[in-house]
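Peer 1: This is the structure, below, for whatever I ask next.
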Amino acid sequence: MKGLSRENLARLVAASLPAGAFVNLGIGAPTAVADYLPDGSDVILHSENGILHLGPKPAPGLEDYDLINAGKSPVTINQGGAYFDSSLAFAMMRGGHIDVAVLGAFEVSSGGDLANWSTGRADGSPPAIGGAIDLAVGAKQIWVMMEHVTKTGAARLVEACSLPLTAMGVVRRVFTNHCILSVTPRGFRLDAAVEGTDLDALRSMTGAPLLIDGRPAAITAEGRLMQ
């Protein structure tokens, strides 16, 4: 069952962000969302290393390695942007000033628990949670952007996380390469699915019950949501 490419998943998330929102993009795949904000978007992107109003990645050859995001990738800054120290950046996160944080994850539970900092293996990953925990408990909404299953086909959407938790009960929405889900008091609810998705196959790839109320919206192969 063919799903969205990482680029088209980023496009889908970018188009779903609320107008005028202050948004933090987590390290890894979520940083690509900056490249797909629609023209004229008034979304303001925040980086925890001290930048507000990030723009897309620079054109090849125009990188400035004194201007990087929290993942150390070169970025641009939009007109009206600002630089500040990380203490102020974290005060924004902890103080509830970030409307949406888009984070990657290893697992998300049907109760909204987030596991995104450790696989429990000695694979060179950071030895602690880092800023993810500040975003997880400080942002008004947590959206997760990830592959629906692991490279070996194991479910990432589960009834209970088996990996170390970042925070409990914080995830509001999940965007995968196959669908958009909401975390509700009844568990995962399917809001939209990529055109051609077999819903029985999607259920089999999901390690928790999948609620389907009515007909889910369609997502095109280019990552556009059809209302």
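In the structure tokens, chains take letters A, B, ... by order of appearance, with residues numbered from 1 within each chain and ligands from 1 in the order shown.
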Can you check which residues of range 47-155 of chain A DSSP gives as strand (DSSP E or B) on the backbone and send them as a VMD selection string?

Peer 2: chain A and resid 47 51 to 54 68 74 77 to 83 100 to 103 107 to 109 114 to 115 141 to 145 149 155

Peer 1: Got a sec to tell me which of range 53-101 of chain A DSSP assigns to alpha helix (DSSP H), as a list in words?

Peer 2: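 These are the residues in question: Ser86, Ser87, Leu88, Ala89, Phe90, Ala91, Met92, Met93 and Arg94 of chain A.
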
Peer 1: Which residues are close to Ile212 in chain A, i.e. within 8 Å by only C-alpha atoms, leaving aside same-chain residues fewer than 4 positions away? Reply as a ChimeraX atom specification.

Peer 2: /A:189-191,216

Peer 1: To one decimal place, how far is CA of Met1 in chain A from CA of Glu159 in chain A in Å?

Peer 2: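 Distance reported for this atom pair: 23.0 Å.
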
Peer 1: Which residues are near range 19-30 of chain A? Cut-off 7 Å, only C-alpha atoms, ignore same chain within fewer than 2 positions. Put them as a CSV table (one decimal) with N, CA and C atoms, in the first residue's frame.

Peer 2:
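New file selection.csv:
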chain,number,residue,atom,x,y,z
A,10,ALA,N,5.3,16.3,4.6
A,10,ALA,CA,5.6,17.7,5.2
A,10,ALA,C,4.6,18.7,4.6
A,17,LEU,N,-1.6,23.5,9.3
A,17,LEU,CA,-1.3,24.4,10.5
A,17,LEU,C,-2.3,25.6,10.5
A,32,ALA,N,11.2,19.8,7.7
A,32,ALA,CA,10.9,20.0,6.3
A,32,ALA,C,9.6,20.7,6.1
A,33,VAL,N,8.8,20.8,7.2
A,33,VAL,CA,7.5,21.5,7.0
A,33,VAL,C,7.8,23.0,6.6
A,42,ASP,N,0.8,33.1,7.3
A,42,ASP,CA,1.2,33.9,8.4
A,42,ASP,C,1.6,33.1,9.6
A,43,VAL,N,1.9,31.8,9.4
A,43,VAL,CA,2.4,30.9,10.4
A,43,VAL,C,3.8,31.4,10.8
A,44,ILE,N,4.1,31.5,12.1
A,44,ILE,CA,5.4,32.0,12.5
A,44,ILE,C,6.2,30.8,13.1
A,45,LEU,N,7.3,30.4,12.6
A,45,LEU,CA,8.1,29.2,13.0
A,45,LEU,C,9.1,29.6,14.1
A,46,HIS,N,9.2,28.8,15.1
A,46,HIS,CA,10.1,29.0,16.2
A,46,HIS,C,11.1,27.9,16.3
A,47,SER,N,12.3,28.2,16.6
A,47,SER,CA,13.4,27.2,16.8
A,47,SER,C,13.9,27.3,18.2
A,70,ALA,N,17.6,24.1,15.3
A,70,ALA,CA,18.0,23.3,16.5
A,70,ALA,C,18.7,22.0,16.1
A,71,GLY,N,18.4,21.5,14.9
A,71,GLY,CA,19.0,20.3,14.4
A,71,GLY,C,20.3,20.6,13.6
A,98,ILE,N,3.7,28.7,22.5
A,98,ILE,CA,3.8,27.9,21.2
A,98,ILE,C,2.4,27.3,21.0
A,99,ASP,N,1.8,27.6,19.9
A,99,ASP,CA,0.4,27.1,19.6
A,99,ASP,C,0.5,25.6,19.2
A,100,VAL,N,1.5,25.2,18.4
A,100,VAL,CA,1.6,23.9,17.9
A,100,VAL,C,3.1,23.5,17.9
A,101,ALA,N,3.4,22.3,18.4
A,101,ALA,CA,4.7,21.7,18.2
A,101,ALA,C,4.5,20.5,17.4
A,102,VAL,N,5.3,20.4,16.3
A,102,VAL,CA,5.2,19.2,15.4
A,102,VAL,C,6.5,18.4,15.7
A,103,LEU,N,6.3,17.2,16.2
A,103,LEU,CA,7.4,16.4,16.7
A,103,LEU,C,7.4,15.1,16.0
A,104,GLY,N,8.6,14.5,15.8
A,104,GLY,CA,8.7,13.1,15.4
A,104,GLY,C,8.4,12.2,16.6
A,145,MET,N,4.4,13.7,13.5
A,145,MET,CA,4.6,13.5,12.1
A,145,MET,C,5.6,12.3,12.0

Peer 1: For Asp113 in chain A, list every protein, DNA or RNA residue within 6 Å, evaluated using only C-alpha atoms, and leave out those in the same chain fewer than 4 positions away; present the list as a PyMOL selection string.

Peer 2: chain A and resi 108-109+168-169

Peer 1: Skipping near chain neighbours, those fewer than 6 positions away, what residues fall within 10 Å of Ile180 in chain A using only C-alpha atoms, listed as a PyMOL selection string?

Peer 2: chain A and resi 12-13+144-145+173-174+188-194+216-219+225

Peer 1: Tell me which protein, DNA and RNA residues are within 7 Å of Met93 in chain A, counting only C-alpha atoms, leaving out same-chain ones fewer than 3 positions away, and put them as a ChimeraX atom specification.

Peer 2: /A:89-90,96-98,134-135,138-139

Peer 1: Have a look at CA of Gly196 in chain A and CA of Thr150 in chain A and let me know their distance in Å, one decimal.

Peer 2: 21.0 Å

Peer 1: Counting only C-alpha atoms, figure out which residue out of A:Pro60, A:Gly130, A:Pro209, A:Gly112 gets nearest to Ile142 in chain A.

Peer 2: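 Looking only at the distances to Ile142 in chain A, the closest residue turns out to be A:Gly112.
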
Peer 1: Taking only C-alpha atoms into account, name the residue in A:Gly223, A:Glu7, A:Ala15, A:Pro185 that is nearest to Gly111 in chain A.

Peer 2: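 Counting only C-alpha atoms, the residue closest to Gly111 in chain A is A:Pro185.
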
Peer 1: Find the residue from A:Ile68, A:Ala154, A:Ile51, A:Leu62 that sits nearest to Leu88 in chain A; use only C-alpha atoms when measuring.

Peer 2: A:Ile51
